[in-house]
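Structure below is structure_16.txt: compact mmCIF, C-alpha atoms.
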```txt
# COMPACT_ATOMS: atom_id res chain seq x y z
CA MET A 8 -19.51 -154.20 -64.20
CA SER A 9 -20.33 -157.81 -63.35
CA ALA A 10 -23.37 -158.99 -61.44
CA VAL A 11 -20.95 -160.45 -58.90
CA LYS A 12 -19.66 -156.95 -58.12
CA LEU A 13 -23.20 -155.62 -57.74
CA GLU A 14 -23.97 -158.46 -55.37
CA VAL A 15 -20.87 -157.73 -53.27
CA TRP A 16 -21.89 -154.09 -52.98
CA ARG A 17 -25.45 -155.00 -52.06
CA GLU A 18 -24.40 -157.38 -49.31
CA ARG A 19 -22.01 -154.86 -47.74
CA ILE A 20 -24.63 -152.11 -47.94
CA ARG A 21 -27.27 -154.40 -46.47
CA LYS A 22 -25.00 -155.26 -43.55
CA GLU A 23 -24.16 -151.60 -42.92
CA LEU A 24 -27.85 -150.70 -42.90
CA ASP A 25 -28.64 -153.46 -40.40
CA ASP A 26 -25.78 -152.35 -38.15
CA THR A 27 -26.79 -148.69 -38.37
CA VAL A 28 -30.40 -149.43 -37.44
CA ASP A 29 -29.25 -151.58 -34.53
CA PHE A 30 -26.99 -148.78 -33.25
CA TRP A 31 -29.74 -146.17 -33.13
CA LEU A 32 -32.32 -148.59 -31.72
CA LYS A 33 -29.89 -149.45 -28.93
CA TYR A 34 -28.53 -146.04 -27.96
CA SER A 35 -30.78 -143.19 -29.08
CA HIS A 36 -34.18 -143.77 -27.48
CA ASP A 37 -35.18 -141.67 -24.48
CA THR A 38 -37.57 -143.97 -22.65
CA LYS A 39 -38.25 -141.39 -19.93
CA HIS A 40 -39.26 -138.28 -21.88
CA GLY A 41 -39.71 -139.61 -25.40
CA GLY A 42 -37.94 -138.58 -28.56
CA PHE A 43 -34.37 -139.40 -29.46
CA PHE A 44 -30.92 -138.54 -28.22
CA THR A 45 -28.65 -137.63 -31.12
CA CYS A 46 -25.48 -136.51 -29.36
CA ILE A 47 -24.02 -139.99 -29.06
CA GLY A 48 -20.34 -140.81 -28.61
CA ARG A 49 -18.29 -143.49 -30.28
CA ASP A 50 -19.15 -145.94 -27.53
CA GLY A 51 -22.89 -145.21 -27.64
CA LYS A 52 -22.93 -142.99 -24.55
CA VAL A 53 -25.04 -139.83 -24.63
CA TYR A 54 -22.82 -136.77 -24.17
CA ASP A 55 -25.53 -134.08 -24.48
CA GLU A 56 -29.28 -134.37 -23.86
CA LEU A 57 -30.45 -131.54 -26.14
CA LYS A 58 -32.83 -132.69 -28.86
CA TYR A 59 -32.70 -131.18 -32.35
CA VAL A 60 -36.00 -130.99 -34.20
CA TRP A 61 -34.46 -131.60 -37.63
CA LEU A 62 -33.02 -134.85 -36.34
CA GLN A 63 -36.13 -135.88 -34.41
CA GLY A 64 -38.19 -135.54 -37.59
CA ARG A 65 -35.62 -137.30 -39.74
CA GLN A 66 -35.44 -140.28 -37.38
CA VAL A 67 -39.22 -140.68 -37.28
CA TRP A 68 -39.30 -140.52 -41.09
CA MET A 69 -36.49 -143.04 -41.48
CA TYR A 70 -37.98 -145.55 -39.04
CA CYS A 71 -41.36 -145.34 -40.77
CA ARG A 72 -39.90 -145.65 -44.25
CA LEU A 73 -37.93 -148.74 -43.28
CA TYR A 74 -40.94 -150.21 -41.48
CA ARG A 75 -43.26 -149.65 -44.45
CA THR A 76 -41.04 -150.68 -47.34
CA MET A 77 -38.52 -153.28 -46.18
CA GLU A 78 -39.82 -156.56 -44.85
CA ARG A 79 -36.94 -157.22 -42.47
CA PHE A 80 -37.64 -153.92 -40.70
CA HIS A 81 -41.39 -154.47 -40.44
CA LYS A 82 -41.05 -154.99 -36.70
CA PRO A 83 -43.21 -153.72 -33.82
CA GLU A 84 -40.25 -152.17 -32.02
CA ILE A 85 -39.42 -149.98 -35.02
CA LEU A 86 -43.01 -148.78 -35.42
CA GLU A 87 -43.33 -148.13 -31.69
CA ALA A 88 -40.10 -146.13 -31.70
CA ALA A 89 -41.41 -144.06 -34.59
CA LYS A 90 -44.73 -143.47 -32.84
CA ALA A 91 -42.97 -142.43 -29.62
CA GLY A 92 -40.73 -140.05 -31.54
CA GLY A 93 -43.71 -138.67 -33.42
CA ALA A 94 -45.62 -138.10 -30.19
CA PHE A 95 -42.69 -136.14 -28.72
CA LEU A 96 -42.37 -134.10 -31.90
CA ARG A 97 -46.08 -133.26 -32.10
CA LYS A 98 -46.26 -132.38 -28.41
CA PHE A 99 -43.19 -130.15 -28.14
CA ALA A 100 -41.75 -129.07 -31.50
CA ARG A 101 -44.43 -126.52 -32.38
CA VAL A 102 -44.03 -123.35 -30.37
CA SER A 103 -45.96 -120.12 -30.02
CA ASP A 104 -43.48 -117.40 -30.77
CA GLY A 105 -44.79 -113.87 -30.58
CA VAL A 106 -41.61 -112.39 -32.04
CA SER A 107 -41.72 -114.37 -35.28
CA GLY A 108 -45.49 -114.31 -35.63
CA GLY A 109 -45.30 -117.97 -36.55
CA GLY A 110 -48.08 -119.05 -34.24
CA ARG A 111 -48.58 -122.73 -33.66
CA TRP A 112 -46.97 -123.67 -36.97
CA LYS A 113 -43.49 -122.37 -36.13
CA CYS A 114 -41.21 -125.11 -34.87
CA ALA A 115 -38.24 -124.90 -32.55
CA PHE A 116 -34.78 -125.89 -33.71
CA CYS A 117 -33.60 -127.26 -30.39
CA LEU A 118 -35.38 -128.61 -27.30
CA THR A 119 -34.37 -129.68 -23.82
CA ARG A 120 -34.59 -133.36 -23.00
CA ASP A 121 -38.12 -132.88 -21.64
CA GLY A 122 -39.27 -130.78 -24.58
CA LYS A 123 -38.76 -127.12 -23.63
CA ALA A 124 -37.78 -124.89 -26.55
CA VAL A 125 -34.16 -123.70 -26.45
CA LYS A 126 -33.68 -122.13 -29.87
CA ILE A 127 -35.75 -121.17 -32.90
CA GLN A 128 -34.20 -120.71 -36.33
CA ARG A 129 -35.49 -118.09 -38.72
CA SER A 130 -35.82 -120.59 -41.54
CA VAL A 131 -38.30 -123.26 -42.68
CA PHE A 132 -36.24 -126.41 -42.18
CA SER A 133 -37.54 -127.50 -38.76
CA GLU A 134 -41.05 -127.27 -40.17
CA CYS A 135 -40.03 -129.20 -43.27
CA PHE A 136 -38.64 -132.14 -41.33
CA TYR A 137 -41.71 -132.03 -39.12
CA ILE A 138 -43.85 -132.43 -42.27
CA MET A 139 -41.74 -135.33 -43.51
CA ALA A 140 -42.03 -137.11 -40.18
CA VAL A 141 -45.74 -136.61 -39.62
CA ASP A 142 -46.72 -137.55 -43.17
CA GLU A 143 -44.61 -140.71 -43.18
CA LEU A 144 -45.93 -141.64 -39.74
CA SER A 145 -49.47 -141.20 -41.06
CA ARG A 146 -48.64 -143.70 -43.81
CA ALA A 147 -47.23 -146.22 -41.33
CA THR A 148 -50.16 -145.93 -38.90
CA GLY A 149 -53.08 -145.02 -41.18
CA ASP A 150 -53.77 -141.89 -39.10
CA GLU A 151 -55.43 -139.46 -41.51
CA ASP A 152 -55.35 -136.62 -38.97
CA MET A 153 -51.57 -136.64 -39.13
CA GLN A 154 -51.67 -136.48 -42.92
CA LEU A 155 -53.95 -133.44 -42.68
CA GLU A 156 -51.62 -131.86 -40.14
CA ALA A 157 -48.66 -132.34 -42.50
CA GLU A 158 -50.56 -130.72 -45.37
CA GLN A 159 -51.60 -127.78 -43.21
CA MET A 160 -48.04 -127.10 -42.16
CA MET A 161 -46.96 -127.48 -45.79
CA GLN A 162 -49.30 -124.63 -46.73
CA GLN A 163 -47.68 -122.46 -44.07
CA VAL A 164 -44.19 -123.27 -45.36
CA ILE A 165 -45.23 -122.47 -48.94
CA PHE A 166 -46.63 -119.14 -47.76
CA TRP A 167 -43.39 -118.26 -45.97
CA VAL A 168 -41.25 -119.21 -48.96
CA ARG A 169 -43.27 -117.79 -51.83
CA GLU A 170 -45.41 -115.00 -50.39
CA ASP A 171 -44.34 -113.50 -47.07
CA SER A 172 -41.36 -114.60 -45.02
CA SER A 173 -41.94 -112.11 -42.21
CA GLY A 174 -43.44 -114.85 -40.03
CA LEU A 175 -40.00 -116.44 -39.81
CA GLY A 176 -38.80 -113.49 -37.75
CA ARG A 177 -36.06 -112.17 -40.04
CA PRO A 178 -36.09 -108.36 -39.91
CA PRO A 179 -35.68 -106.69 -43.31
CA LEU A 180 -32.22 -105.14 -43.57
CA PRO A 181 -31.18 -102.58 -46.18
CA GLY A 182 -28.06 -104.50 -47.20
CA ASP A 183 -29.93 -107.76 -47.61
CA ALA A 184 -32.63 -106.66 -50.02
CA PRO A 185 -33.64 -108.84 -51.63
CA PRO A 186 -32.23 -111.85 -49.74
CA PRO A 187 -30.28 -114.42 -51.79
CA SER A 188 -31.88 -117.57 -53.13
CA SER A 189 -30.33 -120.62 -51.49
CA MET A 190 -30.58 -123.92 -53.35
CA ALA A 191 -31.54 -125.60 -50.07
CA VAL A 192 -35.04 -124.10 -50.03
CA PRO A 193 -36.41 -125.34 -53.40
CA MET A 194 -34.64 -128.66 -52.81
CA MET A 195 -36.43 -129.08 -49.50
CA LEU A 196 -39.80 -128.13 -50.95
CA LEU A 197 -39.33 -130.52 -53.87
CA CYS A 198 -38.53 -133.29 -51.39
CA LEU A 199 -41.76 -132.50 -49.54
CA VAL A 200 -43.81 -132.51 -52.75
CA GLN A 201 -42.50 -135.99 -53.48
CA GLN A 202 -43.27 -137.05 -49.92
CA LEU A 203 -46.84 -135.72 -49.89
CA THR A 204 -47.79 -136.95 -53.37
CA GLU A 205 -46.23 -140.41 -53.39
CA GLY A 206 -48.89 -143.01 -54.16
CA ARG A 207 -51.79 -140.64 -53.51
CA GLY A 208 -53.16 -140.35 -57.02
CA GLN A 209 -53.51 -137.76 -59.73
CA GLU A 210 -55.58 -135.28 -57.75
CA VAL A 211 -52.91 -134.82 -55.08
CA ALA A 212 -50.16 -134.73 -57.72
CA GLN A 213 -52.00 -131.95 -59.55
CA LYS A 214 -52.42 -130.01 -56.31
CA TYR A 215 -48.66 -129.73 -55.97
CA GLY A 216 -47.76 -129.81 -59.67
CA GLU A 217 -47.16 -126.08 -60.06
CA LEU A 218 -45.02 -126.00 -56.90
CA ALA A 219 -42.94 -128.92 -58.15
CA GLY A 220 -42.31 -127.10 -61.42
CA TRP A 221 -41.32 -123.94 -59.54
CA CYS A 222 -38.88 -125.93 -57.37
CA VAL A 223 -37.23 -127.51 -60.41
CA GLN A 224 -36.79 -124.16 -62.13
CA GLN A 225 -35.39 -122.60 -58.96
CA ILE A 226 -32.84 -125.40 -58.63
CA LEU A 227 -31.84 -125.15 -62.29
CA GLN A 228 -31.05 -121.44 -61.80
CA HIS A 229 -28.06 -122.49 -59.72
CA ALA A 230 -26.31 -123.81 -62.83
CA GLN A 231 -24.24 -120.71 -63.58
CA ARG A 232 -21.43 -119.54 -65.87
CA ASP A 233 -22.94 -121.12 -68.96
CA GLY A 234 -23.53 -124.37 -67.12
CA THR A 235 -19.94 -124.82 -65.94
CA ALA A 236 -20.59 -124.40 -62.20
CA ILE A 237 -23.30 -125.10 -59.62
CA LEU A 238 -23.42 -122.23 -57.15
CA GLU A 239 -25.12 -122.55 -53.79
CA ASN A 240 -26.56 -119.03 -53.72
CA VAL A 241 -27.91 -116.88 -56.54
CA SER A 242 -30.21 -113.86 -56.75
CA LEU A 243 -33.97 -114.30 -56.80
CA GLU A 244 -33.78 -113.69 -60.55
CA GLY A 245 -31.16 -116.41 -60.98
CA ALA A 246 -28.11 -114.18 -61.42
CA GLU A 247 -24.71 -114.71 -59.85
CA LEU A 248 -24.09 -112.83 -56.60
CA PRO A 249 -20.89 -110.98 -55.65
CA GLY A 250 -18.46 -112.01 -52.94
CA CYS A 251 -17.86 -115.24 -51.04
CA GLN A 252 -21.56 -115.99 -50.78
CA GLY A 253 -21.98 -115.87 -54.53
CA ARG A 254 -18.88 -117.95 -55.28
CA LEU A 255 -19.72 -120.71 -52.80
CA GLN A 256 -19.98 -124.29 -54.06
CA ASN A 257 -21.23 -127.24 -52.02
CA PRO A 258 -20.50 -130.45 -53.98
CA GLY A 259 -22.58 -132.69 -51.73
CA HIS A 260 -25.61 -130.44 -52.01
CA ALA A 261 -25.32 -130.27 -55.79
CA LEU A 262 -25.15 -134.07 -55.98
CA GLU A 263 -28.22 -134.36 -53.78
CA ALA A 264 -30.04 -131.89 -56.02
CA GLY A 265 -28.98 -134.07 -58.95
CA TRP A 266 -30.77 -137.14 -57.72
CA PHE A 267 -33.82 -135.08 -56.72
CA LEU A 268 -33.99 -133.86 -60.34
CA LEU A 269 -33.45 -137.39 -61.63
CA GLN A 270 -36.47 -138.57 -59.68
CA VAL A 271 -38.59 -135.82 -61.24
CA SER A 272 -37.27 -136.60 -64.71
CA GLY A 273 -38.31 -140.22 -64.27
CA GLU A 274 -41.80 -139.27 -63.14
CA ARG A 275 -42.23 -136.88 -66.09
CA GLN A 276 -40.30 -138.96 -68.64
CA ASP A 277 -38.35 -135.76 -69.30
CA GLU A 278 -35.15 -136.67 -71.15
CA GLU A 279 -33.77 -133.11 -71.18
CA LEU A 280 -34.16 -132.76 -67.42
CA ARG A 281 -32.48 -136.15 -67.01
CA ARG A 282 -29.55 -135.02 -69.14
CA VAL A 283 -29.14 -131.79 -67.16
CA ALA A 284 -29.44 -133.62 -63.85
CA VAL A 285 -26.69 -136.08 -64.73
CA ASP A 286 -24.34 -133.77 -66.62
CA LYS A 287 -24.63 -130.59 -64.56
CA PHE A 288 -25.71 -131.67 -61.07
CA VAL A 289 -24.00 -135.07 -60.74
CA GLU A 290 -20.92 -135.30 -62.94
CA LEU A 291 -19.88 -131.63 -62.89
CA PRO A 292 -19.81 -131.05 -59.10
CA PHE A 293 -18.13 -134.41 -58.59
CA ARG A 294 -15.30 -133.58 -60.98
CA GLY A 295 -14.72 -130.26 -59.26
CA GLY A 296 -15.28 -131.52 -55.73
CA TRP A 297 -13.17 -134.69 -55.65
CA ASP A 298 -9.81 -134.43 -53.88
CA GLU A 299 -7.37 -135.96 -56.38
CA GLU A 300 -4.56 -136.15 -53.83
CA HIS A 301 -6.28 -137.74 -50.82
CA GLY A 302 -9.59 -138.94 -52.22
CA GLY A 303 -13.03 -138.00 -50.99
CA LEU A 304 -15.21 -134.95 -51.57
CA PHE A 305 -14.41 -131.49 -50.29
CA SER A 306 -17.17 -129.93 -48.21
CA PHE A 307 -17.03 -126.46 -49.78
CA LEU A 308 -15.24 -124.79 -52.66
CA ASP A 309 -14.90 -121.32 -54.10
CA VAL A 310 -15.66 -121.27 -57.83
CA ASP A 311 -12.80 -118.84 -58.50
CA GLY A 312 -10.27 -120.83 -56.51
CA HIS A 313 -10.10 -118.61 -53.43
CA CYS A 314 -9.89 -120.33 -50.06
CA PRO A 315 -13.47 -120.85 -48.84
CA THR A 316 -14.30 -119.09 -45.58
CA GLN A 317 -16.01 -122.18 -44.11
CA LEU A 318 -13.53 -123.62 -41.60
CA GLU A 319 -14.44 -127.19 -42.52
CA TRP A 320 -14.13 -126.59 -46.27
CA ASN A 321 -11.46 -129.25 -46.86
CA MET A 322 -12.81 -131.84 -44.42
CA LYS A 323 -14.42 -135.02 -45.68
CA LEU A 324 -17.92 -135.24 -44.20
CA TRP A 325 -20.18 -138.27 -44.21
CA TRP A 326 -23.22 -136.80 -45.90
CA PRO A 327 -21.75 -135.61 -49.25
CA HIS A 328 -20.43 -139.12 -49.80
CA CYS A 329 -23.87 -140.55 -49.01
CA GLU A 330 -25.42 -138.22 -51.58
CA ALA A 331 -22.75 -139.12 -54.15
CA LEU A 332 -23.45 -142.84 -53.75
CA VAL A 333 -27.18 -142.30 -54.30
CA ALA A 334 -26.63 -139.88 -57.18
CA PHE A 335 -24.27 -142.06 -59.20
CA LEU A 336 -26.20 -145.28 -58.69
CA MET A 337 -29.44 -143.54 -59.64
CA ALA A 338 -27.79 -141.89 -62.65
CA TYR A 339 -26.56 -145.29 -63.81
CA SER A 340 -29.99 -146.83 -63.24
CA HIS A 341 -31.53 -144.13 -65.46
CA THR A 342 -28.92 -144.17 -68.25
CA ARG A 343 -26.92 -147.43 -68.06
CA ARG A 344 -23.79 -145.42 -68.83
CA PRO A 345 -20.86 -147.54 -67.52
CA GLU A 346 -18.75 -144.56 -66.48
CA LEU A 347 -21.40 -143.59 -63.93
CA LEU A 348 -21.15 -146.98 -62.27
CA GLU A 349 -17.36 -146.55 -62.24
CA ARG A 350 -17.86 -143.29 -60.36
CA PHE A 351 -20.13 -145.08 -57.91
CA SER A 352 -17.38 -147.63 -57.39
CA GLN A 353 -14.85 -144.85 -56.77
CA VAL A 354 -17.04 -143.21 -54.12
CA TYR A 355 -17.96 -146.59 -52.63
CA GLU A 356 -14.30 -147.58 -52.14
CA TYR A 357 -13.46 -144.32 -50.38
CA THR A 358 -16.62 -144.22 -48.28
CA PHE A 359 -16.56 -147.77 -46.99
CA SER A 360 -12.83 -147.69 -46.24
CA HIS A 361 -13.01 -144.45 -44.22
CA PHE A 362 -16.35 -143.75 -42.53
CA PRO A 363 -17.70 -147.00 -40.97
CA ASP A 364 -16.50 -147.89 -37.48
CA ALA A 365 -15.87 -151.63 -37.52
CA GLU A 366 -15.56 -151.76 -33.73
CA GLY A 367 -18.35 -149.55 -32.44
CA GLY A 368 -20.80 -149.65 -35.33
CA GLU A 369 -22.34 -146.80 -37.33
CA TRP A 370 -20.18 -144.23 -39.16
CA PHE A 371 -17.86 -141.45 -38.18
CA GLY A 372 -19.04 -138.20 -39.69
CA TYR A 373 -16.06 -135.86 -39.76
CA LEU A 374 -12.67 -136.69 -41.29
CA THR A 375 -9.61 -134.57 -41.98
CA GLN A 376 -8.63 -133.83 -45.56
CA GLU A 377 -6.26 -136.79 -45.35
CA GLY A 378 -9.12 -139.08 -44.32
CA LYS A 379 -8.36 -139.51 -40.61
CA VAL A 380 -11.12 -139.32 -38.00
CA ALA A 381 -11.31 -135.75 -36.70
CA LEU A 382 -14.43 -136.04 -34.51
CA ASP A 383 -15.16 -139.50 -33.19
CA PHE A 384 -18.79 -139.13 -32.09
CA LYS A 385 -21.50 -141.00 -34.00
CA GLY A 386 -24.20 -138.36 -33.62
CA GLY A 387 -24.36 -134.67 -32.89
CA PRO A 388 -26.42 -131.53 -33.52
CA PHE A 389 -26.35 -132.19 -37.29
CA LYS A 390 -25.58 -135.90 -37.68
CA GLY A 391 -28.40 -138.24 -36.76
CA PHE A 392 -30.25 -141.24 -38.11
CA PHE A 393 -30.79 -139.98 -41.64
CA HIS A 394 -28.11 -139.53 -44.32
CA VAL A 395 -26.38 -142.85 -43.67
CA PRO A 396 -29.51 -145.05 -43.45
CA ARG A 397 -31.30 -143.19 -46.28
CA CYS A 398 -28.30 -143.71 -48.54
CA LEU A 399 -27.94 -147.38 -47.64
CA TYR A 400 -31.69 -147.97 -47.98
CA MET A 401 -31.87 -146.33 -51.40
CA CYS A 402 -28.72 -148.00 -52.72
CA GLU A 403 -29.84 -151.43 -51.56
CA ARG A 404 -33.17 -151.03 -53.34
CA MET A 405 -31.53 -149.78 -56.54
CA LEU A 406 -29.06 -152.67 -56.51
CA ASP A 407 -31.97 -155.07 -55.97
CA ASP A 408 -33.60 -153.67 -59.11
CA LEU A 409 -30.38 -153.81 -61.17
CA LEU A 410 -29.75 -157.42 -60.19
CA ALA A 411 -33.38 -158.36 -60.84
CA ASN A 412 -33.09 -156.86 -64.33
CA GLY A 413 -29.99 -158.87 -65.13
CA ASP A 414 -27.36 -156.11 -64.97
```

Would it be possible to restate this file's structure as structure tokens?
Amino acid sequence: MSAVKLEVWRERIRKELDDTVDFWLKYSHDTKHGGFFTCIGRDGKVYDELKYVWLQGRQVWMYCRLYRTMERFHKPEILEAAKAGGAFLRKFARVSDGVSGGGRWKCAFCLTRDGKAVKIQRSVFSECFYIMAVDELSRATGDEDMQLEAEQMMQQVIFWVREDSSGLGRPPLPGDAPPPSSMAVPMMLLCLVQQLTEGRGQEVAQKYGELAGWCVQQILQHAQRDGTAILENVSLEGAELPGCQGRLQNPGHALEAGWFLLQVSGERQDEELRRVAVDKFVELPFRGGWDEEHGGLFSFLDVDGHCPTQLEWNMKLWWPHCEALVAFLMAYSHTRRPELLERFSQVYEYTFSHFPDAEGGEWFGYLTQEGKVALDFKGGPFKGFFHVPRCLYMCERMLDDLLANGD
């Protein structure tokens, strides 16, 4: 692949990132109550004022990461937006919930515009995105109290995941004993380990070293059937589960896990982990998940070929394509195998010809199997300022490095 092609990709990605940032700066800020609107229509109009804690945390994290690491985004308005979002999150996201026993460390899933809790999920993901946001904001502002707060909540999340999940409010049920092991949980914890340890020295890295190793091993357990399939749910012992739940495949999630593992392999200089990450978590789910007739990645699959029960299984969603772009470009950066860059090109061509809205800015998130826009909003309860800008940010930086190294 020529340097000219890499340059073309970089310039398009750079432009898309600039446009995406501009869209969310223009339309998502709630100047009255703080925080961010995420239910935003094609034209930028807010169609629902509910605020989702996952997306509040993700937007704070993304603003801070851009502000800290990319010179063109080192602007006061971006830092101030992040600080305002962080203030809203810290004031309202944590709730006292007597039912779950979560105390002040349990976070809501959904809030009213002015910060009243609407819904609490019995999982750890609101807390995890809270940790990401507060830690990254501490880096952008130098506020050590926020860093301490992030680490304290991290200890609570670890306790819920590895010792006692009763504080999440899930009642033990006889048919759900033990509960399945979802790949999402160790992936999320591994992401947080990387967040909390980045650039903080050996002592902090050692503090979370055992947890990082546990996360990697838990993720690797999802490579099933002699390494021929990545399954989303397995038993706590790493065995395949019966039924639809056990047969479920999520290509986008597997690809995301692949680049998480690649990052760890680079930090450890672990060639075997790198091989497994590329072969089993990047190439394998892509081959099975790509729609040969219409292009794009399926959202869900059943490993035995049954029709998945998820209604959106054959839709083309924005985020798996974002994860595929990151995964293949990172895999190429680690290995210099040309076929991986060809795969990146394949995903790039589909993604940039289907998801971006040339008229209104930002990306559509939900396409039919044939690649037509099914839902035309730019943000919703699950799509915010995260997967698109994180993908563009990471790909731009990787392309910068490849071009600087003469690829």

Subject >> All residues 7 Å or closer to Gly265 (chain A), only C-alpha atoms, same chain fewer than 3 positions away omitted, as a list of chain:residue names >> reply: A:Ala261, A:Leu262, A:Leu268, A:Leu269, A:Ala284, A:Val285, A:Phe288, A:Val289, A:Ala334

Original post:
From the list A:Gly368, A:Glu403, A:Asp142, A:Gln162, which residue is nearest Val15 (chain A) when using all atoms listed in the file?
Top reply: A:Glu403

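Atom pair CA of Ser352 (chain A) / CA of Leu332 (chain A) has a distance of 8.5 Å (rounded to one decimal).
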
Subject >> CA of Arg177 (chain A) to CA of Leu318 (chain A), distance in Å rounded to a single decimal >> reply: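 Straight-line distance from CA of Arg177 (chain A) to CA of Leu318 (chain A) works out to 25.3 Å.
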
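Taking only C-alpha atoms into account, the protein, DNA and RNA residues within 8 Å of (-25.6, -146.0, -52.6) read Ile20, Cys329, Glu330, Ala331, Leu332, Val333, Ala334, Phe335, Leu336, Phe351, Tyr355, Cys398, Leu399, Tyr400, Met401, Cys402 and Glu403 of chain A.
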
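With CA of Asp414 (chain A) on one side and CA of Arg21 (chain A) on the other, the separation reads 18.6 Å.
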
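Across A:Met405, A:His301, A:His341, A:Asp152, the tightest approach to Glu278 (chain A) is made by A:His341 when counting only C-alpha atoms.
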
Write a file for region 149-168 of chain A of the given structure; include N, CA and C atoms and format it as a tab-separated table (two decimals), in the first residue's frame.
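Done, and the output landed in out_4.tsv:
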```
chain	number	residue	atom	x	y	z
A	149	GLY	N	-5.32	18.33	36.20
A	149	GLY	CA	-4.36	18.21	37.29
A	149	GLY	C	-5.01	18.04	38.66
A	150	ASP	N	-6.29	17.73	38.70
A	150	ASP	CA	-7.02	17.58	39.96
A	150	ASP	C	-6.78	16.18	40.53
A	151	GLU	N	-5.95	16.07	41.54
A	151	GLU	CA	-5.61	14.77	42.11
A	151	GLU	C	-6.77	14.15	42.88
A	152	ASP	N	-7.69	14.97	43.39
A	152	ASP	CA	-8.85	14.43	44.09
A	152	ASP	C	-9.71	13.59	43.14
A	153	MET	N	-9.82	14.02	41.90
A	153	MET	CA	-10.60	13.26	40.94
A	153	MET	C	-9.92	11.93	40.62
A	154	GLN	N	-8.60	11.94	40.54
A	154	GLN	CA	-7.88	10.69	40.31
A	154	GLN	C	-8.15	9.71	41.46
A	155	LEU	N	-8.11	10.21	42.68
A	155	LEU	CA	-8.38	9.37	43.85
A	155	LEU	C	-9.81	8.84	43.80
A	156	GLU	N	-10.74	9.69	43.42
A	156	GLU	CA	-12.14	9.27	43.31
A	156	GLU	C	-12.29	8.15	42.29
A	157	ALA	N	-11.60	8.28	41.15
A	157	ALA	CA	-11.67	7.23	40.13
A	157	ALA	C	-11.12	5.91	40.66
A	158	GLU	N	-10.03	5.97	41.41
A	158	GLU	CA	-9.42	4.75	41.94
A	158	GLU	C	-10.30	4.12	43.01
A	159	GLN	N	-10.97	4.94	43.80
A	159	GLN	CA	-11.87	4.40	44.81
A	159	GLN	C	-13.05	3.68	44.18
A	160	MET	N	-13.62	4.28	43.14
A	160	MET	CA	-14.73	3.61	42.47
A	160	MET	C	-14.24	2.35	41.77
A	161	MET	N	-13.02	2.37	41.26
A	161	MET	CA	-12.45	1.18	40.62
A	161	MET	C	-12.40	0.02	41.61
A	162	GLN	N	-12.02	0.30	42.84
A	162	GLN	CA	-11.98	-0.76	43.85
A	162	GLN	C	-13.36	-1.34	44.09
A	163	GLN	N	-14.39	-0.49	44.07
A	163	GLN	CA	-15.75	-0.99	44.24
A	163	GLN	C	-16.15	-1.88	43.08
A	164	VAL	N	-15.82	-1.47	41.86
A	164	VAL	CA	-16.16	-2.26	40.68
A	164	VAL	C	-15.45	-3.62	40.73
A	165	ILE	N	-14.17	-3.62	41.08
A	165	ILE	CA	-13.43	-4.88	41.19
A	165	ILE	C	-14.10	-5.81	42.21
A	166	PHE	N	-14.52	-5.24	43.33
A	166	PHE	CA	-15.18	-6.03	44.37
A	166	PHE	C	-16.46	-6.66	43.82
A	167	TRP	N	-17.28	-5.86	43.11
A	167	TRP	CA	-18.51	-6.39	42.55
A	167	TRP	C	-18.24	-7.51	41.55
A	168	VAL	N	-17.22	-7.33	40.74
A	168	VAL	CA	-16.96	-8.29	39.66
A	168	VAL	C	-16.32	-9.57	40.19
```
